[in-house]
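Undergrad: Below is input31.txt; it holds compact mmCIF, C-alpha atoms.
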# COMPACT_ATOMS: atom_id res chain seq x y z
CA MET A 1 -4.45 9.12 8.45
CA TRP A 2 -5.28 11.69 5.80
CA ILE A 3 -3.74 11.54 2.32
CA ASP A 4 -1.72 14.63 1.48
CA ILE A 5 -3.39 17.00 -0.95
CA ILE A 6 -0.34 17.00 -3.23
CA ASP A 7 -0.48 13.21 -3.63
CA LEU A 8 -4.20 13.37 -4.41
CA ARG A 9 -3.72 16.14 -6.96
CA GLU A 10 -0.91 14.27 -8.72
CA PHE A 11 -2.85 11.01 -8.83
CA TYR A 12 -5.93 12.56 -10.43
CA ALA A 13 -3.76 14.43 -12.92
CA SER A 14 -2.24 11.13 -14.12
CA PRO A 15 -3.73 8.87 -16.84
CA MET A 16 -4.74 6.36 -14.17
CA GLY A 17 -6.42 9.04 -12.09
CA ARG A 18 -8.37 10.43 -15.03
CA ALA A 19 -9.66 6.95 -15.86
CA VAL A 20 -10.58 6.34 -12.21
CA ARG A 21 -12.57 9.57 -12.23
CA ARG A 22 -14.51 8.48 -15.30
CA LEU A 23 -15.25 4.97 -14.02
CA ILE A 24 -16.37 6.03 -10.55
CA GLY A 25 -18.23 8.94 -12.11
CA GLN A 26 -20.34 6.47 -14.08
CA ARG A 27 -21.46 4.78 -10.86
CA LEU A 28 -22.26 8.12 -9.25
CA ARG A 29 -24.42 9.19 -12.19
CA ALA A 30 -26.24 5.86 -12.10
CA LEU A 31 -27.16 6.47 -8.45
CA TRP A 32 -27.89 10.19 -8.87
CA PRO A 33 -29.21 10.75 -12.39
CA ALA A 34 -29.60 14.31 -13.62
CA PRO A 35 -33.36 14.90 -12.96
CA THR A 36 -32.99 14.22 -9.22
CA LEU A 37 -30.81 17.31 -8.85
CA ILE A 38 -32.36 19.58 -11.47
CA ALA A 39 -35.95 19.31 -10.21
CA ALA A 40 -35.44 20.87 -6.77
CA GLU A 41 -32.22 22.82 -7.44
CA GLN A 42 -30.68 20.93 -4.56
CA ARG A 43 -27.59 22.04 -2.66
CA MET A 44 -24.63 19.67 -2.69
CA LEU A 45 -21.53 19.32 -0.52
CA GLY A 46 -18.38 17.41 -1.38
CA LEU A 47 -16.33 16.30 1.64
CA GLY A 48 -12.79 14.92 1.61
CA PHE A 49 -11.36 15.06 -1.91
CA ALA A 50 -14.57 15.03 -3.93
CA THR A 51 -13.71 17.83 -6.39
CA PRO A 52 -12.73 15.47 -9.27
CA TYR A 53 -16.34 14.22 -9.22
CA LEU A 54 -18.26 17.43 -8.52
CA PRO A 55 -18.11 18.99 -12.04
CA ALA A 56 -20.61 16.41 -13.29
CA PHE A 57 -23.21 17.88 -10.89
CA ASP A 58 -22.15 21.52 -11.04
CA GLY A 59 -24.53 22.54 -13.80
CA GLU A 60 -27.51 20.74 -12.25
CA ALA A 61 -27.57 21.32 -8.49
CA GLY A 62 -28.59 24.73 -7.21
CA ARG A 63 -25.26 25.12 -5.43
CA VAL A 64 -22.18 22.89 -5.21
CA VAL A 65 -19.43 23.52 -2.64
CA ALA A 66 -16.63 21.46 -1.13
CA VAL A 67 -14.85 21.10 2.21
CA MET A 68 -11.38 19.60 2.53
CA PRO A 69 -10.21 18.44 5.98
CA ALA A 70 -7.45 20.38 7.70
CA GLY A 71 -5.34 17.23 8.03
CA GLN A 72 -5.39 16.73 4.27
CA GLY A 73 -4.81 20.24 2.94
CA VAL A 74 -6.74 22.24 0.39
CA MET A 75 -6.64 23.32 -3.25
CA CYS A 76 -8.90 25.71 -5.14
CA TRP A 77 -11.88 24.51 -7.16
CA PRO A 78 -12.99 25.24 -9.81
CA ALA A 79 -9.88 26.46 -11.60
CA THR A 80 -11.72 28.87 -13.92
CA ASP A 81 -14.23 30.46 -11.53
CA ALA A 82 -14.58 31.80 -8.00
CA ASN A 83 -13.28 29.38 -5.38
CA ARG A 84 -15.92 27.17 -3.71
CA VAL A 85 -13.68 25.10 -1.44
CA ALA A 86 -13.16 25.64 2.29
CA LEU A 87 -10.54 24.17 4.62
CA ALA A 88 -12.25 23.04 7.82
CA ASP A 89 -12.31 20.55 10.67
CA GLU A 90 -14.44 17.66 9.44
CA THR A 91 -15.96 17.34 12.93
CA ALA A 92 -17.13 20.98 12.95
CA LEU A 93 -18.42 21.86 9.49
CA PRO A 94 -18.99 25.63 8.99
CA PHE A 95 -22.64 25.31 7.95
CA PRO A 96 -26.00 25.63 9.72
CA ASP A 97 -28.18 22.59 10.38
CA ARG A 98 -29.93 21.09 7.32
CA SER A 99 -27.91 23.08 4.77
CA PHE A 100 -27.59 20.44 2.01
CA GLU A 101 -29.83 17.95 0.25
CA ARG A 102 -26.87 15.89 -1.03
CA ILE A 103 -23.39 15.07 0.33
CA LEU A 104 -20.63 13.23 -1.50
CA LEU A 105 -17.77 11.74 0.56
CA VAL A 106 -14.65 10.64 -1.34
CA HIS A 107 -11.23 9.79 0.17
CA CYS A 108 -12.74 10.78 3.48
CA VAL A 109 -14.10 7.89 5.52
CA GLU A 110 -10.88 5.84 5.15
CA GLY A 111 -8.65 8.55 6.60
CA SER A 112 -10.61 10.37 9.30
CA PRO A 113 -9.25 9.87 12.84
CA ALA A 114 -12.64 11.03 14.22
CA LEU A 115 -15.00 9.01 12.07
CA ARG A 116 -18.15 9.03 14.20
CA PRO A 117 -18.05 12.78 14.97
CA MET A 118 -17.54 13.43 11.26
CA MET A 119 -20.52 11.26 10.31
CA ARG A 120 -22.58 13.03 12.95
CA GLU A 121 -21.68 16.37 11.32
CA CYS A 122 -22.79 15.02 7.95
CA TRP A 123 -26.10 14.01 9.56
CA ARG A 124 -26.47 17.49 11.07
CA VAL A 125 -25.93 19.50 7.88
CA LEU A 126 -28.02 17.16 5.73
CA THR A 127 -31.68 18.07 5.30
CA ASP A 128 -34.40 15.76 6.59
CA GLY A 129 -34.67 13.00 4.04
CA GLY A 130 -31.42 14.14 2.41
CA ARG A 131 -29.01 11.65 0.90
CA LEU A 132 -25.29 11.05 0.82
CA ILE A 133 -22.97 8.84 -1.19
CA VAL A 134 -19.84 7.35 0.34
CA VAL A 135 -17.01 6.15 -1.93
CA VAL A 136 -14.50 3.94 -0.11
CA ALA A 137 -11.74 1.48 -0.97
CA ASN A 138 -12.84 -2.16 -1.12
CA ARG A 139 -10.69 -4.27 1.19
CA ARG A 140 -11.13 -7.33 -1.06
CA SER A 141 -9.63 -5.64 -4.12
CA LEU A 142 -6.13 -5.18 -5.51
CA TRP A 143 -6.63 -1.42 -5.36
CA SER A 144 -6.50 -1.48 -1.56
CA ARG A 145 -2.92 -2.82 -1.87
CA ALA A 146 -1.68 -0.64 -4.74
CA GLU A 147 0.45 1.99 -3.00
CA ALA A 148 0.48 4.21 -6.08
CA SER A 149 -3.22 4.96 -5.63
CA PRO A 150 -5.06 6.76 -2.80
CA PHE A 151 -7.31 3.72 -2.41
CA ALA A 152 -4.44 1.94 -0.63
CA GLN A 153 -4.20 4.64 2.04
CA GLY A 154 -6.16 4.51 5.27
CA ARG A 155 -8.67 1.84 6.21
CA PRO A 156 -10.45 -0.11 3.43
CA TYR A 157 -13.95 -1.52 3.98
CA SER A 158 -16.07 -4.48 3.01
CA MET A 159 -19.62 -3.77 1.88
CA SER A 160 -21.04 -5.07 5.15
CA GLN A 161 -18.66 -2.85 7.15
CA ILE A 162 -19.53 0.37 5.33
CA THR A 163 -23.28 -0.29 5.45
CA ARG A 164 -23.01 -1.06 9.17
CA LEU A 165 -21.07 2.17 9.71
CA LEU A 166 -23.85 4.12 8.01
CA ARG A 167 -26.59 2.43 10.04
CA ASP A 168 -24.70 3.01 13.29
CA ASN A 169 -24.59 6.74 12.48
CA MET A 170 -28.29 7.15 11.65
CA PHE A 171 -28.21 6.64 7.89
CA VAL A 172 -30.27 4.08 5.99
CA PRO A 173 -28.37 2.44 3.08
CA LEU A 174 -30.45 2.55 -0.10
CA GLN A 175 -28.30 1.48 -3.06
CA THR A 176 -24.85 -0.04 -3.47
CA ALA A 177 -22.48 -0.35 -6.41
CA THR A 178 -18.85 -1.25 -7.14
CA ALA A 179 -16.33 0.25 -9.54
CA LEU A 180 -12.69 -0.11 -10.67
CA PHE A 181 -12.41 -3.68 -11.89
CA LEU A 182 -9.34 -3.00 -13.99
CA PRO A 183 -6.17 -4.09 -12.12
CA PRO A 184 -4.11 -1.10 -10.88
CA VAL A 185 -1.03 -2.22 -12.83
CA GLY A 186 0.15 -1.80 -16.41
CA TRP A 187 -2.33 1.02 -16.88
CA ARG A 188 -0.92 2.26 -20.16
CA LEU A 189 -1.35 -1.20 -21.67
CA LEU A 190 -4.72 -2.06 -20.12
CA GLY A 191 -6.34 1.38 -19.92
CA ARG A 192 -8.05 1.10 -23.30
CA PHE A 193 -9.88 -1.99 -22.01
CA ALA A 194 -11.15 -0.19 -18.89
CA TYR A 195 -14.82 -0.10 -19.88
CA GLY A 196 -14.75 -3.73 -20.94
CA PHE A 197 -13.29 -4.70 -17.57
CA GLU A 198 -15.99 -2.66 -15.84
CA ARG A 199 -18.84 -4.34 -17.69
CA MET A 200 -17.40 -7.80 -17.08
CA GLY A 201 -16.63 -7.07 -13.42
CA VAL A 202 -20.08 -5.68 -12.63
CA ARG A 203 -21.69 -8.73 -14.15
CA TRP A 204 -19.42 -11.54 -12.96
CA PHE A 205 -17.28 -10.30 -10.06
CA PRO A 206 -19.27 -7.50 -8.34
CA SER A 207 -17.59 -7.96 -4.94
CA PHE A 208 -14.04 -7.37 -6.25
CA GLY A 209 -14.26 -3.82 -7.57
CA GLY A 210 -11.64 -1.43 -6.21
CA ALA A 211 -14.20 1.08 -4.89
CA LEU A 212 -17.48 0.62 -3.04
CA VAL A 213 -20.16 3.23 -3.73
CA VAL A 214 -23.05 3.39 -1.25
CA GLU A 215 -26.02 5.75 -1.21
CA ALA A 216 -27.80 6.32 2.11
CA GLU A 217 -30.62 8.47 3.45
CA LYS A 218 -30.66 10.48 6.66
CA GLN A 219 -32.62 8.62 9.30
CA ILE A 220 -34.94 10.89 11.27
CA TYR A 221 -36.96 8.32 13.20
CA ALA A 222 -36.23 6.08 16.18
CA PRO A 223 -34.63 2.66 15.53
CA ILE A 224 -37.23 -0.10 15.22
CA ASN A 225 -35.53 -2.11 17.96
CA ALA A 226 -35.93 0.66 20.57
CA THR A 227 -39.19 -0.73 22.01
CA PRO A 228 -38.02 -4.36 22.42
CA VAL A 229 -34.84 -3.19 24.15
CA LEU A 230 -36.84 -0.97 26.51
CA SER A 231 -39.34 -3.75 27.19
CA GLY A 232 -36.51 -6.13 27.98
CA ALA A 233 -34.97 -3.63 30.36
CA ARG A 234 -38.30 -3.12 32.15
CA ALA A 235 -38.80 -6.86 32.43
CA ALA A 236 -35.35 -7.23 33.96
CA VAL A 237 -36.15 -4.53 36.53
CA LYS A 238 -39.41 -6.29 37.48
CA VAL A 239 -37.62 -9.61 37.95
CA ALA A 240 -34.94 -7.94 40.09
CA VAL A 241 -37.55 -6.18 42.26
CA LYS A 242 -39.49 -9.41 42.71
CA ALA A 243 -36.34 -11.30 43.66
CA ALA A 244 -35.38 -8.61 46.15
CA GLY A 245 -38.86 -8.79 47.73
CA ASN A 246 -38.54 -12.54 48.07
CA VAL A 247 -35.23 -12.14 49.85
CA ARG A 248 -36.70 -9.62 52.31
CA ARG A 249 -39.64 -11.91 53.08
CA GLY A 250 -37.32 -14.84 53.74
Would you write the structure of this file as C-alpha cells?
TA:
Amino acid sequence: MWIDIIDLREFYASPMGRAVRRLIGQRLRALWPAPTLIAAEQRMLGLGFATPYLPAFDGEAGRVVAVMPAGQGVMCWPATDANRVALADETALPFPDRSFERILLVHCVEGSPALRPMMRECWRVLTDGGRLIVVVANRRSLWSRAEASPFAQGRPYSMSQITRLLRDNMFVPLQTATALFLPPVGWRLLGRFAYGFERMGVRWFPSFGGALVVEAEKQIYAPINATPVLSGARAAVKVAVKAAGNVRRG
C-alpha cells in the first residue's frame, strides 16, 4: 500500500524528517561519492518519494528527474525551478530502454503492489552496467513500528530479504549500509545526539538501523547456475528415456 503524498510531505517538513534526510543522505553520499556522477555526466532517476534526497546529486549528474507512483500522488520538484517530476504507473515508466545510469528508490519497494514488474521496469530503463540504490525500512528496527514515520508503512525488509529480491530481479548487490540508529521517539530531546547515535550504531549495532541502503548493479549476463540446472534436466530426461525403453523390452 502506497503512502499518501501529503503524509510524506508533512513528515519530511518536520524536524524528524529533516534529520532523517540528513542521516540517510550521508549513507547515499558514501555509496555514490561526487566524482562518480560528475565524470560521465550521468542521468539519474528518483522513483517513489526520492525528491528529499535528489538535491545532493542535482548539481553533479547530467540530468536528474523523478517519478512518483500514481497510487501515491505527486508534488512538484524542485520548488524554485521548472518541474522535473512525473506521475506515472511504476510498472510502465515513460522512458526508453537504457535511459539512466543511476536510479534511486525511496519509499517505493515497501509499498508497491506490483513489486516484480516495477523492478523489471527499473532494469529496463537502466543502462547496461548501471546502478541503483534501494532504501527500505529495516524490519528489525524500532522505525518499522513507529507509526509517525513512513518507515512503518508497507512491508519492511531484512538485509537478506532485500538482497535476495534484487538478485531475483537481475541485479547484483554491491554494497550495503544502514542508517537511522536514533530511536524514533523524543526527537526534540534526542535530535542533537543524532550523529553520535549514528556513529555508535554503525560501529556496534549495524543490523538495527532504521533504514537499509543497498547498492546494486544491473545484471546483463546469464545466471551462473543456468548450466548445472540444464545439465540436471538433460540427465533426468536420459534416465526417463532409458527406463521407458527397459519397460518396452520387458
Undergrad: Name the residues in contact with Leu8 in chain A at a cut-off of 10 Å, using only C-alpha atoms, excluding same-chain residues fewer than 2 positions from it; report them as a ChimeraX atom specification.
TA: /A:3-6,10-13,17,49,72,107,149-150
Undergrad: I need the residues from that last selection saved to file as an mmCIF file, in the coordinates of the input (with C-alpha atoms), if you can.
TA:
data_model
loop_
_atom_site.group_PDB
_atom_site.id
_atom_site.type_symbol
_atom_site.label_atom_id
_atom_site.label_comp_id
_atom_site.auth_asym_id
_atom_site.auth_seq_id
_atom_site.Cartn_x
_atom_site.Cartn_y
_atom_site.Cartn_z
ATOM 1 C CA ILE A 3 -3.740 11.540 2.320
ATOM 2 C CA ASP A 4 -1.720 14.630 1.480
ATOM 3 C CA ILE A 5 -3.390 17.000 -0.950
ATOM 4 C CA ILE A 6 -0.340 17.000 -3.230
ATOM 5 C CA GLU A 10 -0.910 14.270 -8.720
ATOM 6 C CA PHE A 11 -2.850 11.010 -8.830
ATOM 7 C CA TYR A 12 -5.930 12.560 -10.430
ATOM 8 C CA ALA A 13 -3.760 14.430 -12.920
ATOM 9 C CA GLY A 17 -6.420 9.040 -12.090
ATOM 10 C CA PHE A 49 -11.360 15.060 -1.910
ATOM 11 C CA GLN A 72 -5.390 16.730 4.270
ATOM 12 C CA HIS A 107 -11.230 9.790 0.170
ATOM 13 C CA SER A 149 -3.220 4.960 -5.630
ATOM 14 C CA PRO A 150 -5.060 6.760 -2.800
#
Undergrad: Ala114 in chain A: which residues within 8 Å, counting only C-alpha atoms, same-chain residues fewer than 3 positions away excluded, as JSON, numbers by chain?
TA: {"A": [91, 117, 118]}
Undergrad: Report, in Å with one decimal, the straight-line distance from CA of Gln161 in chain A to CA of Gly73 in chain A.
TA: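 Distance reported for this atom pair: 27.3 Å.
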Undergrad: Have a look at A:Arg9, A:Arg167, A:Arg131, A:Lys218 and name the one nearest to Trp77 in chain A; count all atoms listed in the file.
TA: A:Arg9
Undergrad: How many Å separate CA of Gly62 in chain A from CA of Val125 in chain A?
TA: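 We find that CA of Gly62 in chain A and CA of Val125 in chain A lie 16.2 Å from each other.
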Undergrad: From the options A:Gly210, A:Phe95, A:Pro78, A:Val135, which residue's atoms come nearest to Ala152 in chain A, counting all atoms listed in the file?
TA: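 When distances to Ala152 in chain A are compared using all atoms listed in the file, the smallest one comes from A:Gly210.
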Undergrad: Nearest to Val106 in chain A: which of A:Trp2, A:Phe171, A:Trp123, A:Trp143 is it, counting only C-alpha atoms?
TA: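 Residue with the minimum atom-to-atom distance to Val106 in chain A: A:Trp2.
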Undergrad: Counting only C-alpha atoms, find residues at most 9 Å from (-12.4, -9.1, 3.6) (file frame) and give them as a list of chain:residue names.
TA: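 Residues found, by chain and rising number: A:Asn138, A:Arg139, A:Arg140, A:Ser141, A:Tyr157, A:Ser158.
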Undergrad: Pick from A:Ala146, A:Gln219, A:Val213, A:Leu132: nearest to Gly25 in chain A, with all atoms listed in the file counted?
TA: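 With all atoms listed in the file as the atom set, the closest residue is A:Val213.
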Undergrad: Interatomic distance between CA of Glu147 in chain A and CA of Val109 in chain A?
TA: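 Computed distance, CA of Glu147 in chain A to CA of Val109 in chain A, equals 17.9 Å.
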Undergrad: Using only C-alpha atoms for the distances, tell me which of A:Glu215, A:Glu90, A:Asp168, A:Asp81 is nearest to Glu121 in chain A.
TA: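 Answer, going by the shortest atom-to-atom distance: A:Glu90.
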